[in-house]
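Shown next: query.txt, given as compact mmCIF, C-alpha atoms.
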# COMPACT_ATOMS: atom_id res chain seq x y z
CA MET A 11 180.63 16.82 -36.55
CA THR A 12 178.24 16.03 -39.38
CA GLN A 13 176.68 12.66 -39.69
CA LYS A 14 177.23 10.76 -42.91
CA ILE A 15 174.20 8.74 -43.93
CA ILE A 16 174.86 5.54 -45.85
CA GLN A 17 171.94 3.80 -47.49
CA ILE A 18 171.87 0.04 -47.20
CA PRO A 19 170.30 -1.30 -50.39
CA THR A 20 168.67 -4.67 -50.90
CA LEU A 21 171.62 -7.04 -50.97
CA ASN A 22 171.96 -10.59 -52.15
CA ASP A 23 175.22 -12.47 -52.79
CA THR A 24 175.94 -11.98 -56.48
CA PRO A 25 179.22 -10.31 -57.52
CA GLU A 26 177.19 -7.11 -58.16
CA ASP A 27 175.91 -7.17 -54.57
CA PHE A 28 179.45 -7.54 -53.28
CA GLN A 29 180.51 -4.58 -55.42
CA GLN A 30 177.83 -2.50 -53.72
CA LEU A 31 179.19 -3.53 -50.34
CA PHE A 32 182.73 -2.57 -51.37
CA GLU A 33 181.46 0.76 -52.63
CA MET A 34 179.93 1.37 -49.20
CA SER A 35 183.21 0.40 -47.57
CA ASN A 36 185.11 2.84 -49.74
CA GLN A 37 182.70 5.61 -48.77
CA VAL A 38 183.93 5.48 -45.20
CA ASN A 39 187.62 4.89 -45.88
CA GLY A 40 189.65 7.28 -43.82
CA LEU A 41 186.64 9.04 -42.37
CA PHE A 42 186.68 10.01 -38.73
CA GLU A 43 183.05 10.84 -38.41
CA ASP A 44 179.66 9.60 -37.36
CA VAL A 45 178.05 7.22 -39.77
CA CYS A 46 174.37 6.37 -39.83
CA PHE A 47 173.21 3.31 -41.73
CA ASP A 48 169.76 3.77 -43.21
CA PHE A 49 167.58 0.75 -44.09
CA SER A 50 164.86 2.65 -46.01
CA HIS A 51 165.77 0.94 -49.30
CA CYS A 52 166.60 -2.47 -47.92
CA TRP A 53 164.08 -5.25 -48.56
CA PHE A 54 166.39 -8.22 -48.38
CA LEU A 55 169.74 -8.70 -46.68
CA ARG A 56 171.68 -11.89 -47.26
CA SER A 57 174.02 -13.17 -44.53
CA ASN A 58 177.14 -12.16 -46.47
CA ALA A 59 175.97 -8.55 -46.28
CA VAL A 60 175.28 -8.94 -42.56
CA ALA A 61 178.82 -10.14 -41.86
CA PHE A 62 180.26 -7.37 -44.04
CA LEU A 63 178.20 -4.58 -42.47
CA GLY A 64 179.15 -5.72 -38.97
CA GLY A 65 182.80 -5.63 -39.88
CA LEU A 66 182.46 -2.28 -41.60
CA ALA A 67 180.81 -0.80 -38.51
CA ARG A 68 183.63 -2.01 -36.26
CA ARG A 69 186.16 -0.67 -38.73
CA ILE A 70 184.59 2.79 -38.65
CA GLU A 71 184.66 2.69 -34.85
CA SER A 72 188.32 1.68 -34.91
CA LEU A 73 189.05 4.73 -37.08
CA GLY A 74 187.60 6.96 -34.38
CA GLY A 75 184.12 7.38 -35.84
CA SER A 76 180.82 6.28 -34.41
CA VAL A 77 178.18 4.08 -35.99
CA PHE A 78 174.44 4.16 -35.68
CA PHE A 79 172.09 1.71 -37.35
CA ASP A 80 168.80 3.56 -37.71
CA TRP A 81 166.35 0.78 -36.90
CA ASP A 82 163.39 3.15 -37.34
CA THR A 83 164.12 3.25 -41.09
CA LEU A 84 163.80 -0.51 -41.44
CA ARG A 85 160.50 -1.25 -43.19
CA SER A 86 160.92 -4.91 -44.03
CA ASN A 87 159.68 -7.17 -41.27
CA SER A 88 161.52 -10.16 -42.67
CA VAL A 89 164.85 -8.29 -42.66
CA ARG A 90 164.13 -7.14 -39.11
CA ALA A 91 163.27 -10.66 -37.99
CA ASN A 92 166.39 -12.08 -39.62
CA LEU A 93 168.70 -9.47 -38.09
CA CYS A 94 167.15 -10.05 -34.68
CA GLN A 95 167.35 -13.79 -35.02
CA ASN A 96 171.01 -13.96 -36.00
CA GLY A 97 172.00 -11.54 -33.25
CA PHE A 98 173.19 -8.69 -35.49
CA ALA A 99 170.48 -6.25 -34.34
CA GLY A 100 171.23 -6.96 -30.69
CA ASN A 101 174.91 -6.23 -31.32
CA PHE A 102 174.11 -2.84 -32.82
CA GLY A 103 171.67 -1.14 -30.50
CA TYR A 104 168.35 -2.82 -31.20
CA ASN A 105 166.63 -4.23 -28.18
CA ALA A 106 166.25 -7.85 -29.26
CA LYS A 107 167.66 -11.16 -28.21
CA ALA A 108 168.85 -13.68 -30.81
CA TRP A 109 166.98 -16.95 -31.15
CA SER A 110 167.58 -20.20 -32.88
CA GLY A 111 166.13 -20.50 -36.40
CA HIS A 112 167.36 -20.85 -39.95
CA SER A 113 169.95 -18.18 -39.56
CA ILE A 114 173.40 -18.98 -38.30
CA PRO A 115 174.52 -16.56 -35.61
CA TYR A 116 176.39 -13.38 -36.52
CA ARG A 117 179.78 -13.44 -34.79
CA GLU A 118 182.64 -11.04 -34.16
CA GLU A 119 186.02 -12.52 -33.25
CA MET A 120 188.72 -10.20 -32.05
CA GLU A 121 191.07 -13.06 -31.28
CA PRO A 122 191.42 -16.49 -32.87
CA ASP A 123 189.80 -18.39 -30.01
CA MET A 124 190.09 -21.82 -31.60
CA ASN A 125 187.66 -23.65 -29.35
CA GLU A 126 184.94 -21.01 -29.65
CA ILE A 127 185.23 -20.86 -33.41
CA MET A 128 185.35 -24.63 -33.78
CA ASP A 129 182.29 -24.99 -31.52
CA TYR A 130 180.46 -22.47 -33.69
CA LEU A 131 181.38 -24.29 -36.91
CA THR A 132 180.73 -27.73 -35.46
CA PHE A 133 177.50 -27.16 -33.59
CA SER A 134 175.89 -23.93 -34.86
CA TRP A 135 176.78 -24.32 -38.52
CA ILE A 136 177.39 -27.72 -40.08
CA GLY A 137 176.17 -29.80 -37.13
CA LYS A 138 172.90 -27.95 -36.93
CA TRP A 139 171.83 -28.30 -40.54
CA VAL A 140 173.47 -31.26 -42.17
CA ASN A 141 172.63 -34.71 -40.92
CA VAL A 142 176.02 -36.39 -41.17
CA THR A 143 178.10 -38.63 -38.95
CA ASP A 144 180.04 -36.93 -36.16
CA ARG A 145 183.38 -37.65 -37.77
CA LEU A 146 182.29 -36.13 -41.06
CA ARG A 147 180.90 -33.09 -39.28
CA ASP A 148 184.26 -32.75 -37.52
CA ALA A 149 186.15 -33.11 -40.78
CA ILE A 150 184.13 -30.34 -42.43
CA SER A 151 184.61 -28.00 -39.47
CA GLY A 152 188.35 -28.61 -39.68
CA ARG A 153 188.36 -27.55 -43.33
CA MET A 154 186.43 -24.40 -42.47
CA TRP A 155 189.01 -23.51 -39.82
CA GLU A 156 191.46 -22.93 -42.66
CA ILE A 157 189.47 -19.77 -43.50
CA TYR A 158 189.89 -18.38 -40.00
CA SER A 159 193.51 -19.38 -39.88
CA ASN A 160 194.17 -17.38 -43.05
CA ALA A 161 192.16 -14.41 -41.81
CA PHE A 162 193.88 -14.14 -38.47
CA GLU A 163 197.35 -15.14 -39.48
CA HIS A 164 197.85 -13.52 -42.85
CA SER A 165 195.46 -10.61 -43.17
CA GLY A 166 196.81 -8.40 -40.38
CA THR A 167 193.25 -7.43 -39.48
CA GLU A 168 193.05 -4.95 -36.62
CA VAL A 169 189.31 -5.14 -36.09
CA GLY A 170 188.85 -8.88 -36.03
CA VAL A 171 186.95 -11.32 -38.17
CA PHE A 172 183.19 -11.28 -38.85
CA THR A 173 181.01 -14.22 -39.71
CA CYS A 174 177.42 -14.90 -40.58
CA GLY A 175 175.63 -17.72 -42.31
CA GLN A 176 172.30 -19.07 -43.33
CA HIS A 177 170.61 -22.31 -44.17
CA PHE A 178 168.16 -22.27 -47.09
CA TRP A 179 165.53 -24.96 -46.86
CA HIS A 180 164.25 -24.69 -50.41
CA ARG A 181 167.66 -25.07 -52.05
CA ASN A 182 169.13 -27.06 -49.18
CA ASP A 183 172.23 -24.87 -49.22
CA LEU A 184 174.36 -23.92 -46.29
CA ILE A 185 176.18 -20.62 -46.49
CA LEU A 186 179.00 -19.13 -44.47
CA THR A 187 180.68 -15.77 -45.00
CA VAL A 188 183.87 -14.76 -43.23
CA VAL A 189 185.05 -11.16 -43.58
CA ASP A 190 188.19 -9.37 -42.47
CA PHE A 191 189.37 -5.83 -43.08
CA GLY A 192 193.07 -6.65 -43.20
CA LEU A 193 195.54 -6.01 -46.01
CA GLY A 194 193.92 -8.32 -48.54
CA ILE A 195 195.41 -11.26 -50.40
CA PRO A 196 196.76 -9.41 -53.51
CA ALA A 197 198.39 -6.75 -51.28
CA LYS A 198 199.95 -9.46 -49.14
CA VAL A 199 201.19 -11.38 -52.18
CA LYS A 200 202.71 -8.23 -53.68
CA ALA A 201 204.38 -7.26 -50.39
CA PHE A 202 205.83 -10.75 -50.13
CA LEU A 203 207.12 -10.91 -53.70
CA SER A 204 208.58 -7.40 -53.42
CA GLN A 205 211.13 -8.79 -50.98
CA PHE A 206 212.68 -10.74 -53.85
CA VAL A 207 211.70 -8.91 -57.03
CA ASP A 208 211.78 -5.30 -58.18
CA GLU A 209 208.71 -3.59 -56.71
CA ALA A 210 207.86 -1.84 -59.98
CA ARG A 211 207.44 -5.20 -61.67
CA VAL A 212 205.49 -6.71 -58.79
CA SER A 213 203.11 -3.76 -58.77
CA LYS A 214 202.05 -4.69 -62.31
CA LEU A 215 200.54 -7.96 -61.11
CA SER A 216 196.77 -7.87 -61.38
CA GLY A 217 194.42 -8.79 -58.55
CA ALA A 218 193.37 -11.89 -60.46
CA GLU A 219 196.94 -13.09 -60.94
CA CYS A 220 197.75 -12.55 -57.26
CA MET A 221 194.68 -14.58 -56.29
CA LYS A 222 195.67 -17.34 -58.66
CA TRP A 223 199.13 -17.49 -57.13
CA ALA A 224 197.68 -17.60 -53.61
CA PHE A 225 195.38 -20.50 -54.52
CA GLU A 226 198.18 -22.70 -55.81
CA ARG A 227 199.17 -25.49 -53.48
CA GLY A 228 202.27 -24.69 -51.45
CA ASN A 229 202.31 -20.95 -52.20
CA THR A 230 202.42 -18.89 -49.04
CA THR A 231 203.41 -15.42 -47.94
CA SER A 232 204.67 -16.79 -44.62
CA MET A 233 208.37 -16.79 -43.89
CA GLY A 234 210.22 -18.81 -41.31
CA GLY A 235 211.20 -22.15 -42.74
CA VAL A 236 207.93 -24.01 -42.24
CA ALA A 237 206.19 -25.19 -45.39
CA ARG A 238 202.67 -23.76 -45.53
CA GLY A 239 200.15 -22.81 -48.17
CA LEU A 240 197.70 -25.70 -47.93
CA GLY A 241 194.67 -23.99 -46.39
CA LEU A 242 193.07 -22.67 -49.56
CA ASP A 243 194.01 -25.81 -51.42
CA LEU A 244 192.31 -28.12 -48.91
CA LEU A 245 189.28 -25.88 -48.87
CA LYS A 246 188.86 -25.74 -52.63
CA GLU A 247 189.28 -29.49 -52.92
CA PHE A 248 186.55 -29.99 -50.35
CA VAL A 249 184.18 -27.58 -52.11
CA ARG A 250 184.70 -29.36 -55.42
CA VAL A 251 183.85 -32.73 -53.92
CA ASN A 252 180.77 -31.25 -52.30
CA GLN A 253 179.76 -29.59 -55.59
CA GLY A 254 179.52 -26.37 -53.66
CA LYS A 255 180.94 -22.95 -54.37
CA LEU A 256 183.80 -20.99 -52.87
CA GLU A 257 184.14 -17.31 -53.70
CA VAL A 258 186.87 -15.05 -52.42
CA TYR A 259 186.90 -11.29 -52.93
CA SER A 260 190.06 -9.49 -51.88
CA ASN A 261 191.31 -6.05 -52.95
CA ALA A 262 190.68 -6.04 -56.71
CA GLY A 263 190.88 -9.81 -57.01
CA TYR A 264 188.12 -12.39 -57.25
CA ALA A 265 188.34 -16.17 -57.17
CA ILE A 266 185.55 -18.64 -57.71
CA ILE A 267 185.78 -22.41 -57.31
CA ASP A 268 182.74 -24.43 -58.29
CA LYS A 269 181.77 -27.48 -60.30
CA GLU A 270 183.08 -25.81 -63.43
CA GLY A 271 186.56 -25.40 -62.03
CA GLU A 272 188.41 -22.37 -60.76
CA ARG A 273 188.41 -18.91 -62.28
CA PHE A 274 190.18 -15.72 -61.29
CA ASP A 275 189.09 -12.25 -62.23
CA ASN A 276 189.61 -8.57 -61.53
CA CYS A 277 186.89 -6.65 -59.70
CA PRO A 278 185.85 -3.17 -60.84
CA ILE A 279 185.87 -1.96 -57.23
CA SER A 280 188.71 -2.75 -54.86
CA PHE A 281 188.33 -2.92 -51.12
CA GLN A 282 190.83 -3.39 -48.34
CA GLY A 283 190.21 -6.79 -46.86
CA THR A 284 188.98 -10.25 -47.76
CA VAL A 285 185.58 -11.89 -48.00
CA VAL A 286 185.31 -15.67 -48.13
CA HIS A 287 181.83 -16.76 -49.15
CA ILE A 288 181.19 -20.47 -49.18
CA THR A 289 178.09 -22.35 -50.27
CA LEU A 290 177.79 -26.02 -49.42
CA ARG A 291 175.13 -28.43 -50.51
CA CYS A 292 173.40 -30.20 -47.66
CA ASP A 293 173.21 -33.50 -49.48
CA GLU A 294 174.47 -36.27 -47.27
CA LYS A 295 175.57 -38.32 -50.27
CA LEU A 296 178.14 -35.68 -51.14
CA TYR A 297 179.94 -35.97 -47.84
CA ARG A 298 180.70 -39.63 -47.32
CA PHE A 299 184.07 -41.08 -46.42
CA TYR A 300 185.73 -43.79 -48.45
CA ASP A 301 184.52 -46.49 -46.12
CA GLU A 302 180.95 -45.18 -46.13
CA THR A 303 180.47 -45.01 -49.90
CA GLU A 304 182.53 -44.76 -53.04
CA GLU A 305 182.36 -40.97 -52.82
CA LEU A 306 185.61 -39.20 -52.12
CA PHE A 307 186.04 -36.75 -49.31
CA MET B 752 208.22 -43.63 -27.08
CA LYS B 753 204.49 -43.19 -27.47
CA LEU B 754 202.82 -39.78 -27.25
CA SER B 755 199.10 -39.42 -26.65
CA ILE B 756 198.18 -36.36 -28.69
CA LYS B 757 194.90 -35.97 -26.87
CA GLU B 758 196.74 -35.70 -23.56
CA TRP B 759 199.13 -33.12 -24.96
CA VAL B 760 196.80 -30.87 -26.95
CA GLY B 761 193.22 -32.13 -26.49
CA PRO B 762 190.70 -33.44 -29.03
CA ARG B 763 191.41 -30.76 -31.67
CA CYS B 764 194.65 -30.65 -33.65
CA ILE B 765 194.06 -27.34 -35.32
CA ILE B 766 196.46 -24.52 -34.45
CA LYS B 767 200.15 -24.08 -35.12
CA GLU B 768 200.96 -23.42 -31.46
CA ASP B 769 199.83 -26.93 -30.55
CA GLY B 770 201.75 -28.32 -33.50
CA GLN B 771 204.88 -26.52 -32.34
CA LYS B 772 204.42 -28.06 -28.88
CA ILE B 773 204.50 -31.55 -30.36
CA TYR B 774 207.41 -30.68 -32.65
CA GLU B 775 209.51 -29.56 -29.70
CA VAL B 776 208.91 -32.86 -27.91
CA ILE B 777 209.68 -35.15 -30.83
CA HIS B 778 212.22 -33.33 -32.98
CA GLY B 779 215.32 -34.01 -30.87
CA LEU B 780 214.33 -37.63 -30.27
CA LEU B 781 213.81 -38.30 -33.95
CA LYS B 782 217.11 -36.60 -34.77
CA SER B 783 218.84 -38.99 -32.40
CA GLY B 784 217.27 -41.91 -34.23
CA GLN B 785 214.55 -42.88 -31.76
CA THR B 786 211.27 -44.30 -32.96
CA ILE B 787 208.24 -42.30 -31.87
CA SER B 788 204.59 -43.17 -32.07
CA LEU B 789 201.99 -40.41 -32.17
CA ASP B 790 198.66 -41.74 -30.97
CA PHE B 791 195.65 -39.73 -32.18
CA ASN B 792 193.09 -41.76 -30.31
CA GLY B 793 190.36 -39.39 -29.09
CA VAL B 794 191.34 -36.59 -31.48
CA SER B 795 188.53 -35.72 -33.86
CA GLN B 796 189.29 -32.43 -35.61
CA PHE B 797 192.26 -31.51 -37.74
CA ALA B 798 193.61 -28.60 -39.75
CA SER B 799 196.81 -27.96 -41.68
CA PRO B 800 198.46 -25.38 -39.34
CA PHE B 801 198.82 -28.04 -36.65
CA PHE B 802 200.45 -30.57 -38.94
CA ASN B 803 202.63 -28.01 -40.72
CA PHE B 804 204.29 -27.28 -37.41
CA ALA B 805 204.14 -30.69 -35.73
CA ILE B 806 205.26 -32.80 -38.67
CA GLY B 807 205.93 -30.72 -41.79
CA GLN B 808 208.83 -28.80 -40.29
CA LEU B 809 210.55 -32.04 -39.24
CA LEU B 810 211.48 -32.39 -42.90
CA ASN B 811 213.73 -29.34 -42.63
CA ASP B 812 216.48 -31.54 -41.24
CA ILE B 813 215.18 -35.10 -41.40
CA SER B 814 214.78 -36.88 -44.71
CA GLU B 815 211.35 -38.09 -45.75
CA ASP B 816 212.53 -41.72 -45.75
CA GLU B 817 213.98 -41.37 -42.27
CA LEU B 818 210.83 -39.69 -41.01
CA ARG B 819 208.61 -42.41 -42.41
CA ARG B 820 210.84 -45.03 -40.75
CA LEU B 821 210.97 -43.39 -37.33
CA LEU B 822 207.59 -41.72 -36.93
CA ILE B 823 204.61 -43.98 -36.46
CA ILE B 824 201.14 -42.49 -36.61
CA GLU B 825 198.35 -44.41 -34.91
CA ASN B 826 194.58 -44.03 -34.76
CA LEU B 827 194.45 -41.07 -37.11
CA ASN B 828 191.15 -40.95 -38.96
CA GLU B 829 190.77 -40.48 -42.69
CA SER B 830 190.28 -36.75 -42.48
CA GLY B 831 193.47 -36.29 -40.45
CA SER B 832 195.40 -38.70 -42.68
CA LEU B 833 194.49 -36.68 -45.75
CA VAL B 834 195.88 -33.53 -44.15
CA VAL B 835 199.08 -35.25 -42.94
CA ASP B 836 199.76 -36.76 -46.37
CA ARG B 837 199.32 -33.38 -48.00
CA VAL B 838 201.52 -31.67 -45.40
CA ILE B 839 204.35 -34.18 -45.86
CA GLU B 840 204.13 -33.94 -49.63
CA ASN B 841 204.16 -30.14 -49.46
CA ALA B 842 207.03 -29.97 -46.96
CA ALA B 843 209.11 -32.44 -48.99
CA GLN B 844 208.80 -30.14 -52.02
CA TYR B 845 209.33 -26.95 -50.04
CA HIS B 846 212.29 -24.78 -50.89
CA GLY B 847 212.74 -21.50 -49.08
CA ASP B 848 214.85 -20.25 -51.97
CA LYS B 849 212.33 -20.26 -54.82
CA ASP B 850 213.20 -18.27 -57.93
CA TYR B 851 210.63 -15.54 -57.36
CA GLN B 852 212.11 -13.41 -60.14
CA LYS B 853 211.18 -16.09 -62.64
CA ILE B 854 207.81 -16.65 -61.01
CA VAL B 855 206.90 -12.95 -61.37
CA ASP B 856 208.25 -12.81 -64.93
CA ASP B 857 206.16 -15.84 -65.89
CA ILE B 858 203.01 -14.36 -64.36
CA LEU B 859 203.54 -11.01 -66.10
CA GLU B 860 204.11 -12.75 -69.40
CA GLN B 861 200.91 -14.74 -68.95
CA GLN B 862 199.06 -11.57 -67.94
CA ALA B 863 200.29 -9.78 -71.06
CA ARG B 864 199.19 -12.68 -73.27
CA GLU B 865 195.72 -12.68 -71.76
CA SER B 866 195.26 -8.94 -72.21
CA ASP B 867 196.23 -9.10 -75.91
Target encoding structure tokens, full file:
Amino acid sequence: MTQKIIQIPTLNDTPEDFQQLFEMSNQVNGLFEDVCFDFSHCWFLRSNAVAFLGGLARRIESLGGSVFFDWDTLRSNSVRANLCQNGFAGNFGYNAKAWSGHSIPYREEMEPDMNEIMDYLTFSWIGKWVNVTDRLRDAISGRMWEIYSNAFEHSGTEVGVFTCGQHFWHRNDLILTVVDFGLGIPAKVKAFLSQFVDEARVSKLSGAECMKWAFERGNTTSMGGVARGLGLDLLKEFVRVNQGKLEVYSNAGYAIIDKEGERFDNCPISFQGTVVHITLRCDEKLYRFYDETEELF
Amino acid sequence: MKLSIKEWVGPRCIIKEDGQKIYEVIHGLLKSGQTISLDFNGVSQFASPFFNFAIGQLLNDISEDELRRLLIIENLNESGSLVVDRVIENAAQYHGDKDYQKIVDDILEQQARESD
């Protein structure tokens, strides 16, 4: 069997960087072969790319292929240090133990172990970097759980959910990226609506329109007589108050919620799955409860 | 009847399975007109799946007024209260029989307008 070599470029977290990740994902779609990831052209790797690459590797393995990260090709010491620190390198064949630093650990969840995930969010993510009261820290972690709940419950992912994050001192931003390789939100919305409406009409819905529908309060693809559809709504409300940014890429759909409002767009490259990329500002003043300041949470 | 949520599900009210557990305990009692108090003392983390199942689905066969009369919620912090309020509001407006045909038609019309 031949080995397919995939070059990992320098990757940040702009929409163009995500498109490069999706292009890489599409290169291995349906392949049952050995894949080697080459770092020769990688001089920076943001945590969103780390979470995505981890998930992509597990997806290839689940398709019957094998994955090899060629650590000898990695020339950037800072990328190497970061991947060692957040535990990614140790997960993929490099002999290094993770340590505590500015990175937030890379994680793979096969099952929705609520306590493990909540501990991670509470103590390794928000609790580690933002100096807030315990109850506010707990409230923020609860909002973040909505991301995992959606990923596990609605995506139908077979290879789990992948997370990585980072704290940036200079900008005082806290980032978390959660990736799954499930059906994707637009695909799920279309499958749901096709139960009630002619499939030919539903298929005309764009990725952007499906995302917009999914982000409206009370809209859900769940059946079974229990009102749902609040997770994304609670999350976007929280991000607005925090003046942060929530971006969701799924199939050909893109959603961004920030201080300017919410926008939905179509991506040039579609991928099967969902990426939730959230940026929070570590400014204590933005997180107070009613009884702590006039600020709303 | 008073139910200590911490004793039943622990300090995190997050997942739907725990919400369903509470629903199964209180649903029949509320239907028979009993007053129930849910005590959230010692519970610190909340998410919507728990409340959708514990409280939201009660509105399938109990009116909102009746629920507010019979169900007393104690020691729930601001973060949890925000989620409960939203869940009750959402469940009260929930209709399983939405006109999806119209919803899709409206979206397609909007889509066509935007692409013009």
Practice prompt. Show which residues sit within 12 Å of Glu209 of chain A, as a list in words. Count all atoms listed in the file, and ignore same-chain residues fewer than 4 positions away.
Written response: Val199, Lys200, Ala201, Phe202, Leu203, Ser204, Gln205, Ser213, Lys214 and Leu215 of chain A; Gln852 and Val855 of chain B
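Candidate residues A:Val285, A:Val140, A:Ala265, A:Leu131 were compared for distance to chain B, and the nearest is A:Leu131, using all atoms listed in the file.
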If we count all atoms listed in the file, what is near Asp268 of chain A at a cut-off of 12 Å, once residues fewer than 5 positions away on the same chain are taken out, given as an mmCIF file with C-alpha atoms, in the frame of the given file?
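Contents of selection.cif, freshly written:
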data_model
loop_
_atom_site.group_PDB
_atom_site.id
_atom_site.type_symbol
_atom_site.label_atom_id
_atom_site.label_comp_id
_atom_site.auth_asym_id
_atom_site.auth_seq_id
_atom_site.Cartn_x
_atom_site.Cartn_y
_atom_site.Cartn_z
ATOM 1 C CA LEU A 245 189.280 -25.880 -48.870
ATOM 2 C CA LYS A 246 188.860 -25.740 -52.630
ATOM 3 C CA GLU A 247 189.280 -29.490 -52.920
ATOM 4 C CA PHE A 248 186.550 -29.990 -50.350
ATOM 5 C CA VAL A 249 184.180 -27.580 -52.110
ATOM 6 C CA ARG A 250 184.700 -29.360 -55.420
ATOM 7 C CA VAL A 251 183.850 -32.730 -53.920
ATOM 8 C CA ASN A 252 180.770 -31.250 -52.300
ATOM 9 C CA GLN A 253 179.760 -29.590 -55.590
ATOM 10 C CA GLY A 254 179.520 -26.370 -53.660
ATOM 11 C CA LYS A 255 180.940 -22.950 -54.370
ATOM 12 C CA LEU A 256 183.800 -20.990 -52.870
ATOM 13 C CA GLU A 257 184.140 -17.310 -53.700
ATOM 14 C CA VAL A 258 186.870 -15.050 -52.420
ATOM 15 C CA ARG A 273 188.410 -18.910 -62.280
ATOM 16 C CA PHE A 274 190.180 -15.720 -61.290
ATOM 17 C CA HIS A 287 181.830 -16.760 -49.150
ATOM 18 C CA ILE A 288 181.190 -20.470 -49.180
ATOM 19 C CA THR A 289 178.090 -22.350 -50.270
ATOM 20 C CA LEU A 290 177.790 -26.020 -49.420
ATOM 21 C CA ARG A 291 175.130 -28.430 -50.510
#
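When atom CA of Thr230 of chain A is paired with atom CA of Ser799 of chain B, their separation reads 13.0 Å.
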Fill in: Contacts of Gln862 of chain B within 10 Å, only C-alpha atoms, excl. fewer than 4 positions in-chain, as a ChimeraX atom specification
/A:214-216,218-219 /B:856-858,866-867
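Set the cut-off at 6 Å, count only C-alpha atoms, and the residues of chain A near chain B turn out to be Asp148, Ala149, Gly152, Val207, Val236 and Ala237 of chain A.
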Take the residues from that selection and write them out as a CSV table (one decimal), keeping the file's coordinate frame, keeping C-alpha atoms.
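This went into part12.csv:
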chain,number,residue,atom,x,y,z
A,148,ASP,CA,184.3,-32.8,-37.5
A,149,ALA,CA,186.2,-33.1,-40.8
A,152,GLY,CA,188.4,-28.6,-39.7
A,207,VAL,CA,211.7,-8.9,-57.0
A,236,VAL,CA,207.9,-24.0,-42.2
A,237,ALA,CA,206.2,-25.2,-45.4
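For the point (191.0, -8.7, -33.8) in file coordinates, the residues within 8 Å, using all atoms listed in the file, are A:Glu119, A:Met120, A:Glu121, A:Pro122, A:Phe162, A:Thr167, A:Glu168, A:Val169, A:Gly170, A:Val171.
One distance worth recording is that between atom CA of Val189 of chain A and atom CA of Thr24 of chain A, which is 15.8 Å.
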All residues 10 Å or closer to Lys138 of chain A, all atoms listed in the file, same chain fewer than 4 positions away omitted, as a short mmCIF file (atom, residue, chain, number, x, y, z; two decimals) with C-alpha atoms, in the frame of the given file:
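Contents of the output file out.cif:
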data_model
loop_
_atom_site.label_atom_id
_atom_site.label_comp_id
_atom_site.auth_asym_id
_atom_site.auth_seq_id
_atom_site.Cartn_x
_atom_site.Cartn_y
_atom_site.Cartn_z
CA HIS A 112 167.36 -20.85 -39.95
CA ILE A 114 173.40 -18.98 -38.30
CA TYR A 130 180.46 -22.47 -33.69
CA LEU A 131 181.38 -24.29 -36.91
CA THR A 132 180.73 -27.73 -35.46
CA PHE A 133 177.50 -27.16 -33.59
CA SER A 134 175.89 -23.93 -34.86
CA VAL A 142 176.02 -36.39 -41.17
CA ARG A 147 180.90 -33.09 -39.28
CA HIS A 177 170.61 -22.31 -44.17
#
Worksheet entry | Separation of atom CA of Lys14 of chain A from atom CA of Trp81 of chain A in Å | 15.9 Å
Give the centre and edge lengths of an axis-aligned box, in Å to one decimal, that holds all listed atoms of segment 812-828 of chain B with 5 Å on each side, as JSON.
{"center_x": 203.8, "center_y": -38.3, "center_z": -40.3, "size_x": 35.3, "size_y": 23.5, "size_z": 21.0}
Discussion item. Show me, as a PyMOL selection string, the residues that have an atom within 12 Å of segment 777-780 of chain B when counting only C-alpha atoms, minus same-chain residues fewer than 5 positions from it.
Written reply: chain B and resi 752-754+756+770-772+785-789+804-813+818+821-823
